[in-house]
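Undergrad: TSV, C-alpha atoms, file upload32.tsv:
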chain	number	residue	atom	x	y	z
A	478	MET	CA	16.38	-6.08	23.71
A	479	ASN	CA	13.33	-8.18	23.13
A	480	LEU	CA	12.26	-7.01	19.67
A	481	VAL	CA	9.26	-8.68	18.05
A	482	SER	CA	8.29	-8.49	14.36
A	483	LEU	CA	4.86	-7.01	13.74
A	484	LYS	CA	3.11	-5.46	10.75
A	485	LEU	CA	3.01	-1.71	10.15
A	486	ILE	CA	0.03	-0.82	7.98
A	487	THR	CA	0.07	2.60	6.33
A	488	ILE	CA	-3.16	3.94	4.85
A	489	ILE	CA	-3.34	7.12	2.79
A	490	VAL	CA	-6.86	8.44	2.28
A	491	GLU	CA	-9.00	11.55	1.96
A	492	ASP	CA	-9.28	13.14	5.39
A	493	GLU	CA	-13.04	12.78	5.48
A	494	LEU	CA	-12.59	9.02	5.83
A	495	GLU	CA	-10.26	9.26	8.83
A	496	ASP	CA	-12.80	8.81	11.65
A	497	ARG	CA	-14.53	5.94	9.93
A	498	ILE	CA	-11.33	4.06	9.17
A	499	VAL	CA	-9.89	4.62	12.65
A	500	ARG	CA	-13.07	3.15	14.13
A	501	GLU	CA	-12.76	0.13	11.84
A	502	LEU	CA	-9.10	-0.37	12.76
A	503	LYS	CA	-10.02	-0.47	16.44
A	504	ASP	CA	-12.95	-2.80	15.83
A	505	LEU	CA	-10.62	-5.20	14.03
A	506	GLY	CA	-8.10	-5.24	16.87
A	507	ALA	CA	-5.69	-2.32	16.44
A	508	THR	CA	-4.76	-0.94	19.86
A	509	GLY	CA	-3.41	2.36	18.59
A	510	TYR	CA	-2.78	4.49	15.53
A	511	THR	CA	-0.96	7.62	14.40
A	512	VAL	CA	-2.24	10.17	11.89
A	513	CYS	CA	-0.25	12.76	9.94
A	514	LYS	CA	-1.64	15.27	7.49
A	515	ALA	CA	-0.52	14.63	3.96
A	516	ARG	CA	-1.17	15.68	0.44
A	517	GLY	CA	-0.46	14.03	-2.84
A	518	GLU	CA	-1.64	12.57	-6.04
A	519	GLY	CA	-2.36	9.08	-7.24
A	520	THR	CA	-4.37	6.96	-9.55
A	521	HIS	CA	-7.97	6.01	-9.04
A	522	ARG	CA	-9.47	3.16	-11.08
A	523	ALA	CA	-6.31	3.22	-13.20
A	524	ARG	CA	-6.91	6.85	-14.14
A	525	ILE	CA	-5.01	9.85	-12.87
A	526	SER	CA	-6.98	10.77	-9.82
A	527	GLU	CA	-9.16	13.82	-9.50
A	528	TRP	CA	-8.37	13.94	-5.80
A	529	GLU	CA	-5.51	16.21	-5.04
A	530	GLY	CA	-5.79	17.91	-1.71
A	531	GLU	CA	-5.98	17.17	1.95
A	532	ASN	CA	-5.26	13.58	2.79
A	533	VAL	CA	-4.23	11.78	5.93
A	534	ARG	CA	-1.60	9.14	6.46
A	535	ILE	CA	-2.80	6.67	9.08
A	536	GLU	CA	-0.36	4.18	10.61
A	537	THR	CA	-1.10	1.26	12.87
A	538	ILE	CA	1.06	-1.57	14.17
A	539	VAL	CA	-0.70	-4.91	14.53
A	540	SER	CA	-0.20	-8.65	14.58
A	541	ASP	CA	-0.11	-10.59	11.30
A	542	ALA	CA	-3.63	-11.88	11.89
A	543	VAL	CA	-5.10	-8.44	12.54
A	544	ALA	CA	-3.20	-7.05	9.54
A	545	GLU	CA	-4.86	-9.57	7.26
A	546	LYS	CA	-8.30	-8.67	8.54
A	547	ILE	CA	-7.66	-4.95	8.16
A	548	ILE	CA	-6.33	-5.30	4.62
A	549	ALA	CA	-9.25	-7.47	3.55
A	550	GLN	CA	-11.81	-5.06	4.98
A	551	LEU	CA	-10.19	-1.95	3.53
A	552	ALA	CA	-9.96	-3.62	0.12
A	553	GLY	CA	-13.59	-4.69	0.23
A	554	ARG	CA	-15.02	-1.40	1.44
A	555	TYR	CA	-12.87	1.32	-0.10
A	556	PHE	CA	-10.84	0.18	-3.07
A	557	ASP	CA	-13.63	0.49	-5.63
A	558	LYS	CA	-14.82	3.89	-4.57
A	559	TYR	CA	-11.81	5.75	-3.19
A	560	GLY	CA	-8.23	6.52	-4.13
A	561	VAL	CA	-6.96	4.82	-0.99
A	562	VAL	CA	-3.38	3.54	-0.81
A	563	VAL	CA	-2.55	0.75	1.63
A	564	TYR	CA	0.86	-0.75	2.20
A	565	VAL	CA	2.32	-3.11	4.73
A	566	SER	CA	5.83	-3.47	6.06
A	567	THR	CA	7.50	-5.47	8.78
A	568	VAL	CA	8.80	-3.56	11.80
A	569	GLU	CA	10.51	-4.59	15.00
A	570	VAL	CA	8.94	-3.36	18.22
A	571	LEU	CA	9.65	-3.50	21.90
A	572	ARG	CA	6.75	-4.26	24.25
A	573	ALA	CA	4.87	-6.19	21.61
A	574	ALA	CA	1.97	-6.82	24.02
A	575	LYS	CA	1.09	-3.13	23.67
A	576	PHE	CA	0.04	-3.78	20.08
A	577	ILE	CA	-2.01	-6.90	20.65
A	578	PRO	CA	-5.64	-6.55	21.73
A	579	ASP	CA	-6.70	-7.79	25.16
A	580	GLN	CA	-9.03	-10.48	23.89
A	581	VAL	CA	-6.12	-12.07	22.06
A	582	LYS	CA	-3.84	-11.75	25.06
A	583	ASP	CA	-6.55	-13.27	27.27
A	584	ALA	CA	-7.00	-16.15	24.87
A	585	LYS	CA	-3.34	-17.12	25.13
B	835	MET	CA	-4.89	-11.27	-0.38
B	836	ASN	CA	-2.70	-10.73	-3.37
B	837	LEU	CA	0.13	-8.68	-1.89
B	838	VAL	CA	3.03	-7.72	-4.14
B	839	SER	CA	6.45	-6.43	-3.01
B	840	LEU	CA	7.33	-3.00	-4.31
B	841	LYS	CA	9.79	-0.29	-3.30
B	842	LEU	CA	8.84	2.62	-1.07
B	843	ILE	CA	11.20	5.55	-1.66
B	844	THR	CA	11.25	8.27	0.98
B	845	ILE	CA	12.88	11.59	0.14
B	846	ILE	CA	13.45	14.33	2.71
B	847	VAL	CA	14.31	17.71	1.18
B	848	GLU	CA	13.91	21.45	1.50
B	849	ASP	CA	10.34	22.33	0.58
B	850	GLU	CA	11.45	24.54	-2.30
B	851	LEU	CA	12.54	21.42	-4.17
B	852	GLU	CA	9.18	19.66	-3.82
B	853	ASP	CA	7.60	20.61	-7.15
B	854	ARG	CA	10.73	19.87	-9.12
B	855	ILE	CA	11.28	16.47	-7.53
B	856	VAL	CA	7.63	15.46	-7.84
B	857	ARG	CA	7.80	16.28	-11.56
B	858	GLU	CA	10.91	14.17	-11.90
B	859	LEU	CA	9.32	11.25	-10.04
B	860	LYS	CA	6.39	11.29	-12.46
B	861	ASP	CA	8.67	11.57	-15.48
B	862	LEU	CA	10.57	8.51	-14.30
B	863	GLY	CA	7.41	6.42	-13.88
B	864	ALA	CA	5.96	7.07	-10.41
B	865	THR	CA	2.16	7.02	-10.62
B	866	GLY	CA	1.57	8.74	-7.29
B	867	TYR	CA	3.22	10.30	-4.29
B	868	THR	CA	2.46	11.56	-0.79
B	869	VAL	CA	3.96	14.62	0.86
B	870	CYS	CA	4.10	15.49	4.57
B	871	LYS	CA	5.59	18.60	6.10
B	872	ALA	CA	8.62	17.87	8.19
B	873	ARG	CA	11.47	19.56	9.92
B	874	GLY	CA	14.80	18.30	11.08
B	875	GLU	CA	18.49	18.45	10.96
B	876	GLY	CA	21.13	16.50	9.12
B	877	THR	CA	24.54	16.58	7.62
B	878	HIS	CA	25.43	18.18	4.34
B	879	ARG	CA	28.74	17.36	2.68
B	880	ALA	CA	29.73	15.58	5.91
B	881	ARG	CA	29.23	18.79	7.89
B	882	ILE	CA	26.41	19.61	10.26
B	883	SER	CA	23.91	21.17	7.92
B	884	GLU	CA	22.98	24.82	7.88
B	885	TRP	CA	19.48	23.85	6.82
B	886	GLU	CA	17.16	23.54	9.73
B	887	GLY	CA	13.65	24.52	8.92
B	888	GLU	CA	10.80	23.62	6.68
B	889	ASN	CA	11.35	20.38	4.84
B	890	VAL	CA	9.06	17.94	3.12
B	891	ARG	CA	8.96	14.18	3.29
B	892	ILE	CA	7.98	12.79	-0.11
B	893	GLU	CA	6.99	9.13	-0.46
B	894	THR	CA	6.39	7.16	-3.60
B	895	ILE	CA	5.80	3.46	-4.23
B	896	VAL	CA	7.32	2.12	-7.44
B	897	SER	CA	8.65	-0.98	-9.13
B	898	ASP	CA	12.26	-2.03	-8.57
B	899	ALA	CA	13.22	-0.75	-12.02
B	900	VAL	CA	11.68	2.68	-11.50
B	901	ALA	CA	13.21	2.85	-8.01
B	902	GLU	CA	16.67	2.39	-9.47
B	903	LYS	CA	16.13	5.16	-12.00
B	904	ILE	CA	14.79	7.54	-9.36
B	905	ILE	CA	17.65	6.89	-6.96
B	906	ALA	CA	20.27	7.35	-9.67
B	907	GLN	CA	18.73	10.62	-10.83
B	908	LEU	CA	18.31	12.06	-7.33
B	909	ALA	CA	21.88	11.13	-6.48
B	910	GLY	CA	23.21	12.71	-9.66
B	911	ARG	CA	21.22	15.91	-9.47
B	912	TYR	CA	20.87	16.72	-5.77
B	913	PHE	CA	23.39	14.94	-3.57
B	914	ASP	CA	26.25	17.36	-4.16
B	915	LYS	CA	24.28	20.52	-3.67
B	916	TYR	CA	21.51	19.72	-1.19
B	917	GLY	CA	21.05	18.06	2.18
B	918	VAL	CA	18.65	15.54	0.70
B	919	VAL	CA	18.04	12.20	2.42
B	920	VAL	CA	16.80	9.27	0.34
B	921	TYR	CA	15.99	5.82	1.67
B	922	VAL	CA	14.34	2.78	0.23
B	923	SER	CA	12.36	0.01	1.88
B	924	THR	CA	10.32	-2.92	0.68
B	925	VAL	CA	6.57	-2.78	1.21
B	926	GLU	CA	3.72	-5.11	0.36
B	927	VAL	CA	0.84	-3.59	-1.58
B	928	LEU	CA	-2.52	-4.67	-2.87
B	929	ARG	CA	-3.47	-3.63	-6.40
B	930	ALA	CA	0.13	-3.46	-7.54
B	931	ALA	CA	-0.95	-2.34	-11.03
B	932	LYS	CA	-1.88	1.02	-9.50
B	933	PHE	CA	1.80	1.71	-8.91
B	934	ILE	CA	3.11	0.67	-12.30
B	935	PRO	CA	3.00	3.19	-15.16
B	936	ASP	CA	0.78	2.50	-18.16
B	937	GLN	CA	3.59	2.15	-20.67
B	938	VAL	CA	4.98	-0.71	-18.60
B	939	LYS	CA	1.57	-2.34	-18.23
B	940	ASP	CA	1.00	-2.01	-21.99
B	941	ALA	CA	4.33	-3.65	-22.69
B	942	LYS	CA	3.38	-6.78	-20.75
C	298	MET	CA	24.08	2.21	-6.85
C	299	ASN	CA	25.85	1.59	-3.60
C	300	LEU	CA	22.97	1.00	-1.21
C	301	VAL	CA	23.76	0.11	2.39
C	302	SER	CA	21.31	-1.36	4.94
C	303	LEU	CA	20.82	0.78	8.03
C	304	LYS	CA	18.19	1.02	10.74
C	305	LEU	CA	15.32	3.50	10.60
C	306	ILE	CA	14.02	4.19	14.10
C	307	THR	CA	10.60	5.81	14.38
C	308	ILE	CA	9.55	7.30	17.70
C	309	ILE	CA	6.06	8.60	18.39
C	310	VAL	CA	5.78	10.72	21.54
C	311	GLU	CA	4.09	13.69	23.13
C	312	ASP	CA	5.51	16.83	21.54
C	313	GLU	CA	6.84	18.14	24.85
C	314	LEU	CA	9.44	15.36	24.79
C	315	GLU	CA	10.75	16.23	21.33
C	316	ASP	CA	13.70	18.44	22.29
C	317	ARG	CA	14.88	16.09	25.00
C	318	ILE	CA	14.71	13.00	22.80
C	319	VAL	CA	16.38	14.71	19.85
C	320	ARG	CA	19.25	15.71	22.14
C	321	GLU	CA	19.56	12.13	23.34
C	322	LEU	CA	19.54	10.78	19.78
C	323	LYS	CA	22.44	13.07	18.88
C	324	ASP	CA	24.34	12.20	22.04
C	325	LEU	CA	24.03	8.51	21.17
C	326	GLY	CA	25.36	9.00	17.64
C	327	ALA	CA	22.47	9.96	15.35
C	328	THR	CA	23.71	12.45	12.76
C	329	GLY	CA	20.27	13.65	11.71
C	330	TYR	CA	16.56	13.32	12.32
C	331	THR	CA	13.21	14.29	10.82
C	332	VAL	CA	10.10	15.33	12.77
C	333	CYS	CA	6.49	15.37	11.60
C	334	LYS	CA	3.49	16.48	13.61
C	335	ALA	CA	1.14	13.65	14.37
C	336	ARG	CA	-1.83	12.77	16.45
C	337	GLY	CA	-3.23	9.48	17.57
C	338	GLU	CA	-4.18	7.17	20.30
C	339	GLY	CA	-2.51	4.23	21.94
C	340	THR	CA	-2.16	2.22	25.07
C	341	HIS	CA	-0.18	3.24	28.09
C	342	ARG	CA	0.74	0.66	30.73
C	343	ALA	CA	-1.59	-1.76	28.94
C	344	ARG	CA	-4.53	0.59	29.47
C	345	ILE	CA	-6.21	2.75	26.86
C	346	SER	CA	-4.13	5.87	27.04
C	347	GLU	CA	-5.28	9.18	28.40
C	348	TRP	CA	-3.01	10.91	25.91
C	349	GLU	CA	-4.80	11.89	22.79
C	350	GLY	CA	-3.54	15.07	21.25
C	351	GLU	CA	-0.47	16.61	19.75
C	352	ASN	CA	2.31	14.13	19.20
C	353	VAL	CA	5.40	14.10	17.08
C	354	ARG	CA	6.81	11.36	14.88
C	355	ILE	CA	10.61	11.44	15.04
C	356	GLU	CA	12.66	9.46	12.54
C	357	THR	CA	16.37	8.82	12.51
C	358	ILE	CA	18.57	6.56	10.39
C	359	VAL	CA	21.50	5.01	12.22
C	360	SER	CA	23.87	2.07	12.27
C	361	ASP	CA	22.83	-1.17	13.98
C	362	ALA	CA	25.06	-0.38	16.95
C	363	VAL	CA	23.64	3.10	17.47
C	364	ALA	CA	20.11	1.73	17.02
C	365	GLU	CA	20.63	-0.70	19.87
C	366	LYS	CA	21.86	2.04	22.17
C	367	ILE	CA	18.95	4.33	21.29
C	368	ILE	CA	16.36	1.63	21.83
C	369	ALA	CA	17.84	0.63	25.17
C	370	GLN	CA	17.94	4.20	26.41
C	371	LEU	CA	14.43	5.07	25.25
C	372	ALA	CA	13.08	1.90	26.85
C	373	GLY	CA	14.85	2.61	30.13
C	374	ARG	CA	13.93	6.27	30.37
C	375	TYR	CA	10.48	6.58	28.83
C	376	PHE	CA	8.59	3.31	28.60
C	377	ASP	CA	7.36	3.28	32.19
C	378	LYS	CA	6.18	6.86	32.28
C	379	TYR	CA	5.09	7.76	28.76
C	380	GLY	CA	2.95	6.37	25.97
C	381	VAL	CA	5.92	6.32	23.61
C	382	VAL	CA	5.91	4.03	20.58
C	383	VAL	CA	9.24	2.96	19.10
C	384	TYR	CA	9.70	0.78	16.05
C	385	VAL	CA	12.63	-0.19	13.90
C	386	SER	CA	12.85	-1.15	10.26
C	387	THR	CA	15.63	-1.82	7.81
C	388	VAL	CA	16.12	0.69	5.02
C	389	GLU	CA	18.59	0.98	2.17
C	390	VAL	CA	20.45	4.26	1.88
C	391	LEU	CA	22.92	5.85	-0.46
C	392	ARG	CA	25.84	7.73	1.08
C	393	ALA	CA	25.79	5.63	4.24
C	394	ALA	CA	28.67	7.65	5.71
C	395	LYS	CA	26.23	10.53	6.15
C	396	PHE	CA	24.43	8.53	8.84
C	397	ILE	CA	27.45	7.37	10.77
C	398	PRO	CA	28.96	9.68	13.40
C	399	ASP	CA	32.45	11.06	12.85
C	400	GLN	CA	34.06	9.31	15.81
C	401	VAL	CA	33.02	5.98	14.30
C	402	LYS	CA	34.26	6.96	10.86
C	403	ASP	CA	37.57	8.11	12.36
C	404	ALA	CA	37.93	4.82	14.20
C	405	LYS	CA	37.75	2.82	11.00
Please re-express this file's structure in structure tokens.
TA:
Amino acid sequence: MNLVSLKLITIIVEDELEDRIVRELKDLGATGYTVCKARGEGTHRARISEWEGENVRIETIVSDAVAEKIIAQLAGRYFDKYGVVVYVSTVEVLRAAKFIPDQVKDAK
Amino acid sequence: MNLVSLKLITIIVEDELEDRIVRELKDLGATGYTVCKARGEGTHRARISEWEGENVRIETIVSDAVAEKIIAQLAGRYFDKYGVVVYVSTVEVLRAAKFIPDQVKDAK
Amino acid sequence: MNLVSLKLITIIVEDELEDRIVRELKDLGATGYTVCKARGEGTHRARISEWEGENVRIETIVSDAVAEKIIAQLAGRYFDKYGVVVYVSTVEVLRAAKFIPDQVKDAK
């Protein structure tokens, strides 16, 4: 089995941000994503959040380089204004090429 | 990017236990959590479980110290009686302070 | 706490494959699984996928040996024909025996 280590980024946000964030993930090089409905509670600006309700849990598997771009952009655009949670873990995948955008593959 | 390693605890239980476990997570120092509906099958007391139906998948990101307390309490209170599944992984987060309770931050 | 490292396999597929894949997971030695509804988009045969709709996210925690068998079988049976995503991560569990099939436990 030819397993390759890639980054799994999980983003938990209000559902109204889903379309916008999915578009940004694709623009930054994510080739796919998965969304589950979620609910929960968290902190926002170090206070207990007022948002408790319908959230989504967006997952995408990307290269290290794309992960860094995604994290930087999410932090810059959403962290001040929204109760977004972002976390990154390392996963092993088969068919790693599936998760790497064409322009990167072409450049190799 | 200032990523910090924290523990992601995932708990899969019957949905009737959700409120009680969420309360316990908060009492032990979790500052947030995410819940998804789930279903599945497992073993209970080394038997194929009778529970197959509506479950929830509860996630919380906490410090190592809080993770240890949560795991110990869940094991002590639920493992004998319920088909609960608990697993822990390491994730990288931005804004780590968001996941650390105030009393701990104050103590620093 | 007696935490043991096992493999968490996550499989994202069209929901019509759920029953078949769950049966295969059990046949290969998985003692339990969790399913969440999901939706998303991905690539299929290195093209943007035509599948966008109701998917499921199947999780199972297994030993390294069972993980290898599951991955090999999923790759052989589904990767050519379906837009399935499979990824593996390492998780720490309590009560590891719960996740190991009886025939393996008996053999020890």
Undergrad: Can you write out as CSV which residues of chain A fall within 9 Å of chain C, alongside each residue's closest atom pair and its distance in Å to one decimal, counting only C-alpha atoms and ordering rows by chain and ascending residue number?
TA:
residue,atom,partner,partner_atom,distance
A:Met478,CA,C:Ala369,CA,7.0
A:Leu480,CA,C:Val385,CA,8.9
A:Thr508,CA,C:Gly339,CA,6.0
A:Gly509,CA,C:Gly339,CA,3.9
A:Tyr510,CA,C:Gly337,CA,5.4
A:Thr511,CA,C:Gly337,CA,4.3
A:Val512,CA,C:Arg336,CA,5.3
A:Cys513,CA,C:Ala335,CA,4.7
A:Lys514,CA,C:Ala335,CA,7.6
A:Ile535,CA,C:Gly337,CA,9.0
A:Ser566,CA,C:Ser386,CA,8.5
A:Thr567,CA,C:Ser386,CA,7.0
A:Val568,CA,C:Ser386,CA,5.0
A:Glu569,CA,C:Val385,CA,5.0
A:Val570,CA,C:Tyr384,CA,4.7
A:Leu571,CA,C:Val383,CA,7.1
A:Arg572,CA,C:Phe376,CA,8.9
A:Ala574,CA,C:Ala343,CA,7.9
A:Lys575,CA,C:Ala343,CA,6.1
A:Phe576,CA,C:Thr340,CA,8.1
A:Asp579,CA,C:Ala343,CA,8.8
Undergrad: Need to verify the contact set: Ala930 in chain B, 10 Å, all atoms listed in the file, exclusion of same-chain residues closer than 5 positions in sequence. Can you return it as a list in words?
TA: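 Answer for this query is Asn836, Leu837, Val838, Ser839, Leu840, Ile895, Val896 and Ser897 of chain B.
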Undergrad: Just write the chosen residues, C-alpha atoms, as a JSON list (two decimals), in the coordinates of the input.
TA:
[["chain", "number", "residue", "atom", "x", "y", "z"],
["B", 836, "ASN", "CA", -2.70, -10.73, -3.37],
["B", 837, "LEU", "CA", 0.13, -8.68, -1.89],
["B", 838, "VAL", "CA", 3.03, -7.72, -4.14],
["B", 839, "SER", "CA", 6.45, -6.43, -3.01],
["B", 840, "LEU", "CA", 7.33, -3.00, -4.31],
["B", 895, "ILE", "CA", 5.80, 3.46, -4.23],
["B", 896, "VAL", "CA", 7.32, 2.12, -7.44],
["B", 897, "SER", "CA", 8.65, -0.98, -9.13]]
Undergrad: Find the distance between CA of Lys323 in chain C and CA of Gln370 in chain C and write it in Å to one decimal.
TA: 12.5 Å
Undergrad: Using 5 Å of padding on each side, determine the axis-aligned box around all atoms of range 545-558 of chain A present in the file and give its centre and edge lengths in Å to one decimal, as JSON.
TA:
{"center_x": -9.9, "center_y": -2.8, "center_z": 1.5, "size_x": 20.2, "size_y": 23.5, "size_z": 24.2}
Undergrad: Go ahead and compute the interatomic distance for CA of Ile318 in chain C and CA of Leu371 in chain C, in Å to one decimal.
TA: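 Computing the Euclidean distance for CA of Ile318 in chain C and CA of Leu371 in chain C yields 8.3 Å.
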Undergrad: As an exercise, work out the distance from CA of Val363 in chain C to CA of Ala327 in chain C in Å and give it to one decimal place.
TA: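 The value is 7.3 Å.
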Undergrad: Would you mind telling me which residue in A:Arg554, A:Pro578, A:Ile547, A:Thr537 lies nearest to Leu494 in chain A when using all atoms listed in the file?
TA: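 Closest to Leu494 in chain A of all the choices is A:Arg554.
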Undergrad: Need the neighbours of (17.4, 19.9, 0.5): which residues are at most 6 Å away, counting all atoms listed in the file, as a PyMOL selection string?
TA: chain B and resi 847-848+916-918
Undergrad: Missing atoms in range 305-314 of chain C: fill them in up to all heavy atoms and send the result as a compact mmCIF listing (two decimals), in the coordinates of the input.
TA:
# COMPACT_ATOMS: atom_id res chain seq x y z
N LEU C 305 16.19 2.33 10.44
CA LEU C 305 15.32 3.50 10.60
C LEU C 305 14.55 3.32 11.90
O LEU C 305 13.79 2.36 12.05
CB LEU C 305 14.34 3.58 9.43
CG LEU C 305 13.23 4.62 9.55
CD1 LEU C 305 13.77 6.04 9.48
CD2 LEU C 305 12.18 4.41 8.45
N ILE C 306 14.77 4.23 12.84
CA ILE C 306 14.02 4.19 14.10
C ILE C 306 12.94 5.26 14.04
O ILE C 306 13.22 6.42 13.73
CB ILE C 306 14.93 4.46 15.32
CG1 ILE C 306 16.07 3.44 15.34
CG2 ILE C 306 14.13 4.42 16.61
CD1 ILE C 306 16.96 3.58 16.56
N THR C 307 11.71 4.87 14.32
CA THR C 307 10.60 5.81 14.38
C THR C 307 10.10 5.87 15.81
O THR C 307 9.87 4.84 16.44
CB THR C 307 9.46 5.37 13.43
OG1 THR C 307 9.99 5.21 12.12
CG2 THR C 307 8.33 6.39 13.41
N ILE C 308 9.95 7.09 16.31
CA ILE C 308 9.55 7.30 17.70
C ILE C 308 8.33 8.21 17.70
O ILE C 308 8.38 9.30 17.13
CB ILE C 308 10.69 8.00 18.49
CG1 ILE C 308 11.99 7.21 18.37
CG2 ILE C 308 10.30 8.22 19.95
CD1 ILE C 308 13.24 8.05 18.65
N ILE C 309 7.25 7.76 18.30
CA ILE C 309 6.06 8.60 18.39
C ILE C 309 5.83 8.95 19.85
O ILE C 309 5.67 8.05 20.70
CB ILE C 309 4.84 7.88 17.77
CG1 ILE C 309 5.10 7.67 16.28
CG2 ILE C 309 3.56 8.71 17.96
CD1 ILE C 309 4.32 6.55 15.67
N VAL C 310 5.89 10.25 20.14
CA VAL C 310 5.78 10.72 21.54
C VAL C 310 5.02 12.04 21.62
O VAL C 310 4.84 12.72 20.62
CB VAL C 310 7.18 11.00 22.17
CG1 VAL C 310 7.90 9.74 22.49
CG2 VAL C 310 8.00 11.92 21.29
N GLU C 311 4.66 12.36 22.84
CA GLU C 311 4.09 13.69 23.13
C GLU C 311 5.09 14.75 22.69
O GLU C 311 6.28 14.60 22.90
CB GLU C 311 3.89 13.82 24.64
CG GLU C 311 2.98 12.78 25.22
CD GLU C 311 3.28 12.54 26.71
OE1 GLU C 311 3.37 13.51 27.46
OE2 GLU C 311 3.41 11.36 27.08
N ASP C 312 4.59 15.85 22.12
CA ASP C 312 5.51 16.83 21.54
C ASP C 312 6.40 17.50 22.59
O ASP C 312 7.48 17.97 22.26
CB ASP C 312 4.78 17.86 20.68
CG ASP C 312 3.70 18.60 21.44
OD1 ASP C 312 3.52 18.34 22.64
OD2 ASP C 312 3.03 19.44 20.81
N GLU C 313 5.99 17.50 23.83
CA GLU C 313 6.84 18.14 24.85
C GLU C 313 8.14 17.37 25.08
O GLU C 313 9.08 17.92 25.65
CB GLU C 313 6.07 18.30 26.17
CG GLU C 313 5.73 16.99 26.85
CD GLU C 313 4.65 17.20 27.92
OE1 GLU C 313 3.68 17.94 27.66
OE2 GLU C 313 4.78 16.62 29.00
N LEU C 314 8.20 16.14 24.64
CA LEU C 314 9.44 15.36 24.79
C LEU C 314 10.39 15.51 23.60
O LEU C 314 11.51 15.00 23.63
CB LEU C 314 9.11 13.88 24.97
CG LEU C 314 8.47 13.47 26.30
CD1 LEU C 314 8.12 11.99 26.29
CD2 LEU C 314 9.40 13.77 27.47
